[in-house]
$ cat work.pdb   # PDB, C-alpha atoms
ATOM      1  CA  MET A1125     -60.671  -9.257 -22.718
ATOM      2  CA  THR A1126     -63.844  -8.199 -20.907
ATOM      3  CA  HIS A1127     -64.456  -9.322 -17.380
ATOM      4  CA  PRO A1128     -67.449 -11.606 -16.696
ATOM      5  CA  PHE A1129     -69.145  -9.199 -14.293
ATOM      6  CA  ARG A1130     -69.388  -6.590 -17.060
ATOM      7  CA  ILE A1131     -71.497  -9.040 -19.036
ATOM      8  CA  LEU A1132     -73.685  -9.943 -16.069
ATOM      9  CA  VAL A1133     -74.336  -6.316 -15.155
ATOM     10  CA  ALA A1134     -75.061  -5.214 -18.699
ATOM     11  CA  CYS A1135     -78.638  -4.341 -17.806
ATOM     12  CA  GLU A1136     -78.764  -1.289 -15.545
ATOM     13  CA  THR A1137     -79.722  -1.941 -11.960
ATOM     14  CA  SER A1138     -79.769   0.317  -8.939
ATOM     15  CA  GLY A1139     -76.373   1.491  -7.707
ATOM     16  CA  ILE A1140     -76.720  -0.384  -4.419
ATOM     17  CA  ALA A1141     -77.625  -3.683  -6.076
ATOM     18  CA  ARG A1142     -74.764  -3.323  -8.541
ATOM     19  CA  ARG A1143     -72.316  -2.503  -5.731
ATOM     20  CA  GLN A1144     -73.459  -5.549  -3.753
ATOM     21  CA  PHE A1145     -73.066  -7.737  -6.829
ATOM     22  CA  LEU A1146     -69.562  -6.416  -7.533
ATOM     23  CA  LEU A1147     -68.452  -7.034  -3.939
ATOM     24  CA  HIS A1148     -69.908 -10.546  -4.047
ATOM     25  CA  TYR A1149     -68.152 -11.193  -7.355
ATOM     26  CA  ALA A1150     -64.859  -9.978  -5.872
ATOM     27  CA  ARG A1151     -65.204 -12.323  -2.879
ATOM     28  CA  VAL A1152     -66.050 -15.308  -5.072
ATOM     29  CA  THR A1153     -63.194 -14.707  -7.497
ATOM     30  CA  MET A1154     -60.686 -14.250  -4.667
ATOM     31  CA  ARG A1155     -61.822 -17.532  -3.107
ATOM     32  CA  GLU A1156     -61.511 -19.253  -6.484
ATOM     33  CA  ALA A1157     -58.046 -17.738  -7.033
ATOM     34  CA  ARG A1158     -56.900 -19.125  -3.683
ATOM     35  CA  ALA A1159     -58.280 -22.545  -4.594
ATOM     36  CA  ARG A1160     -56.437 -22.530  -7.948
ATOM     37  CA  ARG A1161     -52.988 -21.321  -6.887
ATOM     38  CA  GLU A1162     -51.298 -24.064  -8.905
ATOM     39  CA  GLN A1163     -52.772 -22.513 -12.084
ATOM     40  CA  ARG A1164     -50.773 -19.315 -11.808
ATOM     41  CA  ALA A1165     -51.976 -17.483 -14.914
ATOM     42  CA  PHE A1166     -55.650 -18.178 -14.249
ATOM     43  CA  SER A1167     -55.258 -17.342 -10.566
ATOM     44  CA  ALA A1168     -53.620 -14.023 -11.466
ATOM     45  CA  TRP A1169     -56.464 -13.221 -13.875
ATOM     46  CA  LEU A1170     -59.025 -14.006 -11.172
ATOM     47  CA  MET A1171     -57.224 -11.756  -8.696
ATOM     48  CA  ALA A1172     -57.090  -8.950 -11.262
ATOM     49  CA  SER A1173     -60.823  -9.374 -11.914
ATOM     50  CA  ALA A1174     -61.539  -9.186  -8.189
ATOM     51  CA  ALA A1175     -59.460  -6.014  -7.868
ATOM     52  CA  THR A1176     -61.306  -4.418 -10.781
ATOM     53  CA  ALA A1177     -64.663  -5.327  -9.257
ATOM     54  CA  ARG A1178     -63.668  -3.830  -5.907
ATOM     55  CA  ARG A1179     -62.497  -0.615  -7.588
ATOM     56  CA  GLU A1180     -65.757  -0.321  -9.515
ATOM     57  CA  ALA A1181     -67.775  -0.955  -6.339
ATOM     58  CA  ALA A1182     -65.812   1.744  -4.519
ATOM     59  CA  ALA A1183     -66.366   4.180  -7.391
ATOM     60  CA  LEU A1184     -70.137   3.741  -7.102
ATOM     61  CA  CYS A1185     -70.103   5.100  -3.564
ATOM     62  CA  LYS A1186     -69.121   8.749  -4.141
ATOM     63  CA  GLN A1187     -70.748  10.393  -1.110
ATOM     64  CA  PRO A1188     -69.015   9.907   2.249
ATOM     65  CA  VAL A1189     -71.092   8.119   4.858
ATOM     66  CA  GLN A1190     -70.107  10.601   7.582
ATOM     67  CA  LEU A1191     -72.187  13.371   6.006
ATOM     68  CA  ASP A1192     -75.334  11.695   7.329
ATOM     69  CA  MET A1193     -73.985  11.839  10.863
ATOM     70  CA  PHE A1194     -73.443  15.611  10.912
ATOM     71  CA  ALA A1195     -76.172  16.921   8.603
TER
END

$ encode --input "work.pdb" --output "structure tokens"
Amino acid sequence: MTHPFRILVACETSGIARRQFLLHYARVTMREARARREQRAFSAWLMASAATARREAAALCKQPVQLDMFA
């Protein structure tokens, strides 16, 4: 099953905009998962989707921020 954010980000956008969207999606799905704790299966799917979005957002940021400080 594909995650909804893969469908929404099908068109290529800049890396920063995509990262911001993925982090926003992760926050929204985590909030929704907390609100729907009584629906265990759906809540677990939402939490898994949020984790996937956070991993993808982290993967977009390959260069360490500290390089700018010392270069």

$ residues_around --input "work.pdb" --residues "region 1148-1157 of chain A" --least-positions-apart "5" --cutoff "8 Å" --atoms "only C-alpha atoms" --output "list of chain:residue names"
A:Phe1129, A:Phe1166, A:Ser1167, A:Ala1168, A:Leu1170, A:Met1171, A:Ser1173, A:Ala1174, A:Ala1175, A:Ala1177, A:Arg1178

$ atom_distance --input "work.pdb" --atom1 "CA of Ala1159 (chain A)" --atom2 "CA of Arg1143 (chain A)"
24.5 Å

$ closest_residue --input "work.pdb" --among "A:Thr1176, A:Leu1184, A:Arg1158, A:Trp1169" --to "Ala1141 (chain A)" --atoms "only C-alpha atoms"
A:Leu1184
